[in-house]
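K.L.:
Handing over input_16.txt, compact mmCIF, N, CA, C and O atoms.
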```
# COMPACT_ATOMS: atom_id res chain seq x y z
N MET A 1 -1.81 7.54 -18.72
CA MET A 1 -1.76 6.19 -18.19
C MET A 1 -1.80 6.24 -16.66
O MET A 1 -1.20 7.09 -16.04
N ILE A 2 -2.51 5.31 -16.10
CA ILE A 2 -2.60 5.16 -14.65
C ILE A 2 -1.51 4.19 -14.20
O ILE A 2 -1.26 3.18 -14.84
N GLN A 3 -0.89 4.51 -13.09
CA GLN A 3 0.12 3.63 -12.49
C GLN A 3 -0.37 3.27 -11.08
O GLN A 3 -0.89 4.14 -10.37
N ILE A 4 -0.22 2.02 -10.71
CA ILE A 4 -0.64 1.58 -9.38
C ILE A 4 0.50 0.86 -8.68
O ILE A 4 1.06 -0.10 -9.22
N TYR A 5 0.84 1.36 -7.49
CA TYR A 5 1.76 0.63 -6.61
C TYR A 5 0.90 -0.40 -5.91
O TYR A 5 0.02 -0.05 -5.12
N HIS A 6 1.15 -1.67 -6.20
CA HIS A 6 0.23 -2.75 -5.86
C HIS A 6 0.92 -3.85 -5.06
O HIS A 6 2.06 -4.21 -5.34
N ASN A 7 0.20 -4.36 -4.06
CA ASN A 7 0.63 -5.53 -3.31
C ASN A 7 -0.45 -6.59 -3.51
O ASN A 7 -1.55 -6.47 -2.96
N PRO A 8 -0.17 -7.65 -4.29
CA PRO A 8 -1.17 -8.66 -4.58
C PRO A 8 -1.74 -9.37 -3.35
O PRO A 8 -2.83 -9.92 -3.41
N ARG A 9 -1.03 -9.33 -2.23
CA ARG A 9 -1.51 -10.00 -1.02
C ARG A 9 -2.50 -9.15 -0.22
O ARG A 9 -3.09 -9.62 0.74
N CYS A 10 -2.68 -7.90 -0.63
CA CYS A 10 -3.54 -6.96 0.08
C CYS A 10 -4.91 -6.88 -0.60
O CYS A 10 -5.00 -6.56 -1.79
N GLY A 11 -5.96 -7.16 0.14
CA GLY A 11 -7.31 -7.12 -0.40
C GLY A 11 -7.70 -5.75 -0.94
O GLY A 11 -8.30 -5.63 -2.02
N LYS A 12 -7.38 -4.69 -0.22
CA LYS A 12 -7.70 -3.33 -0.68
C LYS A 12 -6.96 -3.03 -1.99
O LYS A 12 -7.51 -2.40 -2.89
N SER A 13 -5.73 -3.48 -2.08
CA SER A 13 -4.93 -3.27 -3.29
C SER A 13 -5.52 -4.05 -4.46
O SER A 13 -5.64 -3.53 -5.57
N ARG A 14 -5.92 -5.29 -4.23
CA ARG A 14 -6.53 -6.10 -5.29
C ARG A 14 -7.84 -5.47 -5.76
O ARG A 14 -8.11 -5.41 -6.97
N ASN A 15 -8.66 -5.00 -4.82
CA ASN A 15 -9.93 -4.37 -5.18
C ASN A 15 -9.71 -3.10 -5.99
O ASN A 15 -10.41 -2.85 -6.97
N CYS A 16 -8.74 -2.30 -5.58
CA CYS A 16 -8.42 -1.07 -6.30
C CYS A 16 -7.96 -1.39 -7.72
O CYS A 16 -8.41 -0.78 -8.69
N LEU A 17 -7.07 -2.36 -7.85
CA LEU A 17 -6.56 -2.74 -9.16
C LEU A 17 -7.70 -3.21 -10.07
O LEU A 17 -7.78 -2.81 -11.23
N ALA A 18 -8.59 -4.04 -9.54
CA ALA A 18 -9.72 -4.53 -10.33
C ALA A 18 -10.60 -3.37 -10.78
O ALA A 18 -11.03 -3.31 -11.95
N PHE A 19 -10.87 -2.44 -9.89
CA PHE A 19 -11.69 -1.28 -10.22
C PHE A 19 -11.05 -0.44 -11.31
O PHE A 19 -11.69 -0.07 -12.29
N VAL A 20 -9.77 -0.14 -11.16
CA VAL A 20 -9.08 0.71 -12.12
C VAL A 20 -8.96 0.03 -13.48
O VAL A 20 -9.20 0.66 -14.52
N THR A 21 -8.62 -1.25 -13.51
CA THR A 21 -8.47 -1.93 -14.81
C THR A 21 -9.82 -2.07 -15.52
O THR A 21 -9.86 -2.15 -16.74
N GLU A 22 -10.90 -2.05 -14.77
CA GLU A 22 -12.24 -2.08 -15.37
C GLU A 22 -12.55 -0.75 -16.07
O GLU A 22 -13.22 -0.72 -17.09
N LYS A 23 -12.02 0.35 -15.52
CA LYS A 23 -12.32 1.69 -16.02
C LYS A 23 -11.29 2.22 -17.02
O LYS A 23 -11.62 3.06 -17.84
N GLU A 24 -10.06 1.77 -16.91
CA GLU A 24 -8.97 2.32 -17.71
C GLU A 24 -8.33 1.22 -18.57
O GLU A 24 -8.10 0.12 -18.10
N ALA A 25 -8.02 1.59 -19.82
CA ALA A 25 -7.41 0.62 -20.73
C ALA A 25 -5.93 0.40 -20.42
O ALA A 25 -5.45 -0.73 -20.47
N GLU A 26 -5.23 1.47 -20.07
CA GLU A 26 -3.79 1.36 -19.84
C GLU A 26 -3.47 1.57 -18.37
O GLU A 26 -3.66 2.65 -17.84
N VAL A 27 -3.01 0.50 -17.74
CA VAL A 27 -2.64 0.55 -16.33
C VAL A 27 -1.27 -0.11 -16.17
O VAL A 27 -1.06 -1.24 -16.59
N ALA A 28 -0.35 0.63 -15.57
CA ALA A 28 0.98 0.09 -15.28
C ALA A 28 0.98 -0.34 -13.82
O ALA A 28 0.73 0.46 -12.92
N ILE A 29 1.24 -1.61 -13.60
CA ILE A 29 1.24 -2.17 -12.24
C ILE A 29 2.67 -2.24 -11.73
O ILE A 29 3.53 -2.84 -12.37
N VAL A 30 2.89 -1.63 -10.58
CA VAL A 30 4.20 -1.68 -9.93
C VAL A 30 4.05 -2.56 -8.70
O VAL A 30 3.43 -2.16 -7.72
N LYS A 31 4.59 -3.77 -8.78
CA LYS A 31 4.59 -4.65 -7.60
C LYS A 31 5.79 -4.25 -6.76
O LYS A 31 6.88 -4.78 -6.89
N TYR A 32 5.55 -3.26 -5.91
CA TYR A 32 6.65 -2.58 -5.22
C TYR A 32 7.38 -3.45 -4.21
O TYR A 32 8.48 -3.08 -3.79
N LEU A 33 6.83 -4.58 -3.82
CA LEU A 33 7.57 -5.48 -2.94
C LEU A 33 8.57 -6.31 -3.74
O LEU A 33 9.61 -6.69 -3.22
N GLU A 34 8.26 -6.59 -5.01
CA GLU A 34 9.17 -7.32 -5.89
C GLU A 34 10.21 -6.40 -6.51
O GLU A 34 11.35 -6.80 -6.74
N THR A 35 9.79 -5.19 -6.83
CA THR A 35 10.66 -4.18 -7.43
C THR A 35 10.56 -2.91 -6.58
O THR A 35 9.79 -2.01 -6.89
N PRO A 36 11.30 -2.87 -5.48
CA PRO A 36 11.18 -1.74 -4.55
C PRO A 36 11.54 -0.40 -5.21
O PRO A 36 12.45 -0.33 -6.03
N PRO A 37 10.78 0.64 -4.85
CA PRO A 37 11.09 1.96 -5.40
C PRO A 37 12.39 2.51 -4.83
O PRO A 37 12.77 2.20 -3.70
N THR A 38 13.04 3.32 -5.62
CA THR A 38 14.26 3.99 -5.18
C THR A 38 13.88 5.17 -4.29
O THR A 38 12.71 5.57 -4.21
N GLU A 39 14.89 5.76 -3.70
CA GLU A 39 14.69 6.96 -2.89
C GLU A 39 14.02 8.05 -3.74
O GLU A 39 13.05 8.68 -3.30
N ASN A 40 14.51 8.27 -4.95
CA ASN A 40 13.94 9.30 -5.82
C ASN A 40 12.50 8.99 -6.21
O ASN A 40 11.67 9.89 -6.29
N GLU A 41 12.20 7.72 -6.46
CA GLU A 41 10.83 7.35 -6.80
C GLU A 41 9.89 7.60 -5.63
O GLU A 41 8.76 8.09 -5.82
N ILE A 42 10.33 7.30 -4.42
CA ILE A 42 9.50 7.57 -3.24
C ILE A 42 9.28 9.07 -3.10
O ILE A 42 8.16 9.52 -2.82
N LYS A 43 10.32 9.85 -3.32
CA LYS A 43 10.18 11.31 -3.23
C LYS A 43 9.20 11.83 -4.27
O LYS A 43 8.40 12.73 -3.99
N GLU A 44 9.23 11.27 -5.47
CA GLU A 44 8.28 11.67 -6.52
C GLU A 44 6.86 11.34 -6.12
O GLU A 44 5.95 12.15 -6.30
N VAL A 45 6.66 10.15 -5.57
CA VAL A 45 5.32 9.74 -5.13
C VAL A 45 4.84 10.66 -4.00
O VAL A 45 3.68 11.10 -4.00
N LEU A 46 5.71 10.96 -3.06
CA LEU A 46 5.34 11.86 -1.97
C LEU A 46 4.91 13.22 -2.51
O LEU A 46 3.93 13.80 -2.04
N GLN A 47 5.63 13.72 -3.50
CA GLN A 47 5.30 15.00 -4.09
C GLN A 47 3.93 14.93 -4.78
O GLN A 47 3.11 15.83 -4.63
N LYS A 48 3.68 13.86 -5.50
CA LYS A 48 2.39 13.70 -6.20
C LYS A 48 1.24 13.56 -5.22
O LYS A 48 0.12 14.00 -5.49
N LEU A 49 1.50 12.91 -4.09
CA LEU A 49 0.48 12.75 -3.05
C LEU A 49 0.31 14.03 -2.22
O LEU A 49 -0.70 14.19 -1.54
N ASN A 50 1.34 14.88 -2.24
CA ASN A 50 1.42 16.04 -1.36
C ASN A 50 1.43 15.57 0.11
O ASN A 50 0.69 16.08 0.95
N PHE A 51 2.25 14.56 0.39
CA PHE A 51 2.38 13.95 1.71
C PHE A 51 3.75 14.25 2.29
O PHE A 51 4.74 14.37 1.56
N LYS A 52 3.81 14.29 3.61
CA LYS A 52 5.06 14.20 4.34
C LYS A 52 5.41 12.71 4.36
O LYS A 52 4.52 11.85 4.31
N PRO A 53 6.68 12.33 4.46
CA PRO A 53 7.05 10.92 4.44
C PRO A 53 6.29 10.05 5.46
O PRO A 53 5.84 8.95 5.12
N ILE A 54 6.09 10.54 6.66
CA ILE A 54 5.41 9.72 7.68
C ILE A 54 3.98 9.37 7.26
O ILE A 54 3.45 8.34 7.67
N GLN A 55 3.35 10.19 6.42
CA GLN A 55 1.98 9.93 5.98
C GLN A 55 1.89 8.74 5.03
O GLN A 55 0.81 8.20 4.82
N LEU A 56 3.01 8.34 4.47
CA LEU A 56 3.04 7.21 3.54
C LEU A 56 3.43 5.91 4.23
O LEU A 56 3.40 4.84 3.64
N VAL A 57 3.75 5.98 5.51
CA VAL A 57 4.22 4.81 6.26
C VAL A 57 3.06 4.06 6.89
O VAL A 57 2.17 4.65 7.50
N ARG A 58 3.12 2.74 6.77
CA ARG A 58 2.18 1.87 7.48
C ARG A 58 2.75 1.67 8.89
O ARG A 58 3.56 0.77 9.13
N THR A 59 2.31 2.53 9.79
CA THR A 59 2.89 2.57 11.13
C THR A 59 2.49 1.39 12.01
O THR A 59 3.03 1.23 13.11
N LYS A 60 1.58 0.55 11.54
CA LYS A 60 1.19 -0.63 12.32
C LYS A 60 1.96 -1.88 11.91
O LYS A 60 1.79 -2.94 12.50
N GLU A 61 2.80 -1.75 10.90
CA GLU A 61 3.65 -2.87 10.47
C GLU A 61 4.66 -3.19 11.57
O GLU A 61 5.22 -2.28 12.19
N SER A 62 4.92 -4.47 11.80
CA SER A 62 5.84 -4.87 12.86
C SER A 62 7.24 -4.29 12.66
O SER A 62 7.90 -3.93 13.62
N ILE A 63 7.68 -4.19 11.41
CA ILE A 63 9.02 -3.62 11.16
C ILE A 63 9.09 -2.19 11.67
O ILE A 63 10.08 -1.78 12.27
N TRP A 64 8.02 -1.42 11.46
CA TRP A 64 8.00 -0.04 11.94
C TRP A 64 8.00 -0.02 13.47
O TRP A 64 8.79 0.69 14.10
N ILE A 65 7.13 -0.80 14.05
CA ILE A 65 7.00 -0.83 15.52
C ILE A 65 8.31 -1.24 16.18
O ILE A 65 8.75 -0.62 17.14
N GLU A 66 8.94 -2.28 15.64
CA GLU A 66 10.16 -2.81 16.26
C GLU A 66 11.39 -1.93 16.05
O GLU A 66 12.29 -1.92 16.87
N ASN A 67 11.44 -1.20 14.93
CA ASN A 67 12.66 -0.48 14.57
C ASN A 67 12.58 1.04 14.59
O ASN A 67 13.62 1.69 14.72
N TYR A 68 11.37 1.59 14.46
CA TYR A 68 11.29 3.03 14.24
C TYR A 68 10.32 3.77 15.18
O TYR A 68 10.48 4.97 15.37
N LYS A 69 9.33 3.06 15.69
CA LYS A 69 8.31 3.72 16.52
C LYS A 69 8.96 4.41 17.72
O LYS A 69 9.89 3.91 18.31
N ASN A 70 8.42 5.59 18.03
CA ASN A 70 8.87 6.40 19.18
C ASN A 70 10.29 6.94 19.03
O ASN A 70 10.89 7.34 20.02
N LYS A 71 10.83 6.91 17.83
CA LYS A 71 12.14 7.51 17.58
C LYS A 71 11.92 8.83 16.84
O LYS A 71 10.98 8.96 16.06
N THR A 72 12.79 9.76 17.07
CA THR A 72 12.74 11.02 16.34
C THR A 72 13.49 10.81 15.03
O THR A 72 14.70 10.60 15.03
N LEU A 73 12.74 10.84 13.94
CA LEU A 73 13.32 10.58 12.63
C LEU A 73 13.12 11.77 11.71
O LEU A 73 12.05 12.39 11.70
N THR A 74 14.13 12.07 10.93
CA THR A 74 14.00 13.10 9.90
C THR A 74 13.18 12.53 8.75
O THR A 74 13.01 11.30 8.62
N ASP A 75 12.69 13.42 7.89
CA ASP A 75 11.98 12.96 6.69
C ASP A 75 12.87 12.04 5.87
O ASP A 75 12.42 11.01 5.36
N GLU A 76 14.15 12.39 5.76
CA GLU A 76 15.08 11.57 5.00
C GLU A 76 15.23 10.17 5.61
O GLU A 76 15.28 9.17 4.88
N ALA A 77 15.27 10.09 6.93
CA ALA A 77 15.39 8.78 7.60
C ALA A 77 14.13 7.94 7.36
O ALA A 77 14.22 6.71 7.18
N ILE A 78 12.99 8.58 7.33
CA ILE A 78 11.74 7.85 7.06
C ILE A 78 11.73 7.33 5.63
O ILE A 78 11.35 6.18 5.38
N ILE A 79 12.18 8.15 4.70
CA ILE A 79 12.27 7.70 3.31
C ILE A 79 13.23 6.52 3.19
O ILE A 79 12.94 5.54 2.52
N GLN A 80 14.37 6.60 3.87
CA GLN A 80 15.34 5.50 3.84
C GLN A 80 14.74 4.22 4.43
O GLN A 80 15.02 3.12 3.95
N ALA A 81 13.91 4.35 5.45
CA ALA A 81 13.24 3.18 6.02
C ALA A 81 12.33 2.53 4.99
O ALA A 81 12.28 1.30 4.87
N MET A 82 11.62 3.35 4.19
CA MET A 82 10.75 2.80 3.15
C MET A 82 11.56 2.17 2.02
O MET A 82 11.13 1.17 1.44
N VAL A 83 12.71 2.75 1.70
CA VAL A 83 13.59 2.16 0.68
C VAL A 83 14.07 0.79 1.16
O VAL A 83 14.03 -0.20 0.41
N LYS A 84 14.48 0.72 2.41
CA LYS A 84 15.01 -0.53 2.97
C LYS A 84 13.92 -1.57 3.20
O LYS A 84 14.14 -2.77 3.01
N HIS A 85 12.72 -1.10 3.59
CA HIS A 85 11.60 -2.00 3.91
C HIS A 85 10.35 -1.54 3.15
O HIS A 85 9.48 -0.87 3.72
N PRO A 86 10.22 -1.87 1.87
CA PRO A 86 9.08 -1.38 1.09
C PRO A 86 7.72 -1.81 1.64
O PRO A 86 6.71 -1.17 1.33
N ILE A 87 7.68 -2.84 2.48
CA ILE A 87 6.41 -3.24 3.10
C ILE A 87 5.82 -2.10 3.94
O ILE A 87 4.62 -2.07 4.20
N LEU A 88 6.66 -1.15 4.31
CA LEU A 88 6.19 -0.01 5.10
C LEU A 88 5.38 0.99 4.28
O LEU A 88 4.71 1.85 4.85
N ILE A 89 5.43 0.90 2.97
CA ILE A 89 4.75 1.86 2.11
C ILE A 89 3.25 1.55 2.07
O ILE A 89 2.84 0.42 1.80
N GLU A 90 2.47 2.58 2.34
CA GLU A 90 1.01 2.46 2.26
C GLU A 90 0.60 2.06 0.85
O GLU A 90 1.25 2.43 -0.12
N ARG A 91 -0.48 1.33 0.74
CA ARG A 91 -0.93 0.85 -0.56
C ARG A 91 -2.45 0.80 -0.61
O ARG A 91 -3.07 0.80 0.46
N PRO A 92 -2.98 0.73 -1.79
CA PRO A 92 -2.37 0.95 -3.09
C PRO A 92 -2.23 2.45 -3.37
O PRO A 92 -2.97 3.25 -2.84
N ILE A 93 -1.26 2.79 -4.18
CA ILE A 93 -1.08 4.18 -4.60
C ILE A 93 -1.46 4.25 -6.07
O ILE A 93 -0.95 3.49 -6.88
N VAL A 94 -2.39 5.14 -6.39
CA VAL A 94 -2.84 5.33 -7.76
C VAL A 94 -2.25 6.66 -8.24
O VAL A 94 -2.45 7.69 -7.62
N ILE A 95 -1.52 6.59 -9.35
CA ILE A 95 -0.84 7.77 -9.89
C ILE A 95 -1.39 8.06 -11.28
O ILE A 95 -1.50 7.17 -12.12
N LYS A 96 -1.72 9.33 -11.48
CA LYS A 96 -2.17 9.79 -12.80
C LYS A 96 -1.50 11.13 -13.05
O LYS A 96 -1.79 12.11 -12.37
N GLY A 97 -0.55 11.13 -13.98
CA GLY A 97 0.18 12.35 -14.28
C GLY A 97 0.99 12.82 -13.09
O GLY A 97 1.78 12.06 -12.55
N ASP A 98 0.75 14.05 -12.68
CA ASP A 98 1.52 14.60 -11.56
C ASP A 98 0.75 14.58 -10.24
O ASP A 98 1.10 15.27 -9.30
N LYS A 99 -0.31 13.75 -10.18
CA LYS A 99 -1.12 13.62 -8.96
C LYS A 99 -1.22 12.15 -8.57
O LYS A 99 -1.08 11.26 -9.41
N ALA A 100 -1.46 11.92 -7.29
CA ALA A 100 -1.62 10.55 -6.80
C ALA A 100 -2.55 10.55 -5.59
O ALA A 100 -2.73 11.57 -4.93
N ILE A 101 -3.13 9.39 -5.32
CA ILE A 101 -3.93 9.18 -4.11
C ILE A 101 -3.64 7.78 -3.57
O ILE A 101 -3.17 6.91 -4.30
N ILE A 102 -3.97 7.61 -2.30
CA ILE A 102 -3.99 6.26 -1.72
C ILE A 102 -5.35 5.70 -2.10
O ILE A 102 -6.38 6.27 -1.75
N GLY A 103 -5.35 4.58 -2.81
CA GLY A 103 -6.58 4.05 -3.40
C GLY A 103 -7.34 3.06 -2.55
O GLY A 103 -7.78 2.04 -3.06
N ARG A 104 -7.53 3.35 -1.29
CA ARG A 104 -8.22 2.41 -0.40
C ARG A 104 -9.74 2.54 -0.49
O ARG A 104 -10.46 1.61 -0.13
N ILE A 105 -10.24 3.70 -0.97
CA ILE A 105 -11.69 3.92 -1.02
C ILE A 105 -12.10 4.03 -2.49
O ILE A 105 -11.72 4.98 -3.18
N PRO A 106 -12.90 3.06 -2.97
CA PRO A 106 -13.25 3.03 -4.40
C PRO A 106 -13.88 4.33 -4.91
O PRO A 106 -13.60 4.75 -6.03
N GLU A 107 -14.73 4.97 -4.10
CA GLU A 107 -15.37 6.20 -4.55
C GLU A 107 -14.34 7.31 -4.81
O GLU A 107 -14.47 8.08 -5.76
N GLU A 108 -13.31 7.37 -3.98
CA GLU A 108 -12.27 8.37 -4.18
C GLU A 108 -11.45 8.05 -5.44
O GLU A 108 -11.07 8.96 -6.18
N VAL A 109 -11.20 6.76 -5.67
CA VAL A 109 -10.47 6.36 -6.88
C VAL A 109 -11.30 6.71 -8.11
O VAL A 109 -10.77 7.22 -9.10
N ALA A 110 -12.61 6.47 -8.06
CA ALA A 110 -13.49 6.78 -9.19
C ALA A 110 -13.43 8.27 -9.53
O ALA A 110 -13.36 8.63 -10.70
N GLN A 111 -13.46 9.12 -8.52
CA GLN A 111 -13.37 10.56 -8.76
C GLN A 111 -12.00 10.95 -9.29
O GLN A 111 -11.88 11.86 -10.11
N PHE A 112 -10.97 10.26 -8.82
CA PHE A 112 -9.60 10.59 -9.20
C PHE A 112 -9.30 10.26 -10.66
O PHE A 112 -8.68 11.04 -11.37
N ILE A 113 -9.75 9.08 -11.10
CA ILE A 113 -9.42 8.67 -12.47
C ILE A 113 -10.43 9.24 -13.44
O ILE A 113 -10.21 9.36 -14.60
```
Take the structure in the file and write it out as structure tokens.
P.N.:
Amino acid sequence: MIQIYHNPRCGKSRNCLAFVTEKEAEVAIVKYLETPPTENEIKEVLQKLNFKPIQLVRTKESIWIENYKNKTLTDEAIIQAMVKHPILIERPIVIKGDKAIIGRIPEEVAQFI
């Protein structure tokens, strides 16, 4: 089963979801702004992406700029920022088994699924 961390207000996320649901019968949609991921869930996603925490952060979000930019943060502090402010999490995230990708480019999603 494919799982997608989805933000319905994001065009790239909507496009990715439409593409995946067209190709796959079973898709679990995680509206992560309505149901924010836990610290452990973020760590699992990071592991599946093979990302450092900062690579999953939307660093152009105003919350990041106002509260975290130019500060020296540990990986744990960055994860806590995403737990507290899920809007900081890059999207969409497409998860299949023990692997994941950021699904912003349809061709990459097609190869992934």
K.L.:
How many Å lie between atom O of Ala25 in chain A and atom C of Glu107 in chain A, rounded to one decimal?
P.N.:
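Interatomic distance, atom O of Ala25 in chain A to atom C of Glu107 in chain A: 19.7 Å.
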K.L.:
Counting only N, CA, C and O atoms, figure out which residue out of A:Leu17, A:Ile54, A:Ile4, A:Ala77 gets nearest to Ile29 in chain A.
P.N.:
A:Ile4
K.L.:
Enumerate as a PyMOL selection string all residues of chain A assigned to helix (DSSP H, G or I) by DSSP on the backbone, naming them with the chain letters and numbers the document uses.
P.N.:
chain A and resi 11-23+39-49+53-56+62-67+75-84+86-88+106-112
K.L.:
Just the number, please: distance in Å from atom C of Leu46 in chain A to atom N of Ile65 in chain A, one decimal.
P.N.:
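So the two atoms, atom C of Leu46 in chain A and atom N of Ile65 in chain A, lie 21.8 Å apart.
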K.L.:
So the first atom is atom O of Ile101 in chain A and the second is atom O of Glu66 in chain A; what is the distance between them in Å, to one decimal place?
P.N.:
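Computing it gives 27.7 Å between the two atoms.
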K.L.:
Can you tell me, as JSON, numbers by chain, which residues in chain A count as strand (DSSP E) by DSSP?
P.N.:
{"A": [2, 3, 4, 5, 6, 27, 28, 29, 30, 31, 93, 94, 95, 96, 99, 100, 101, 102]}
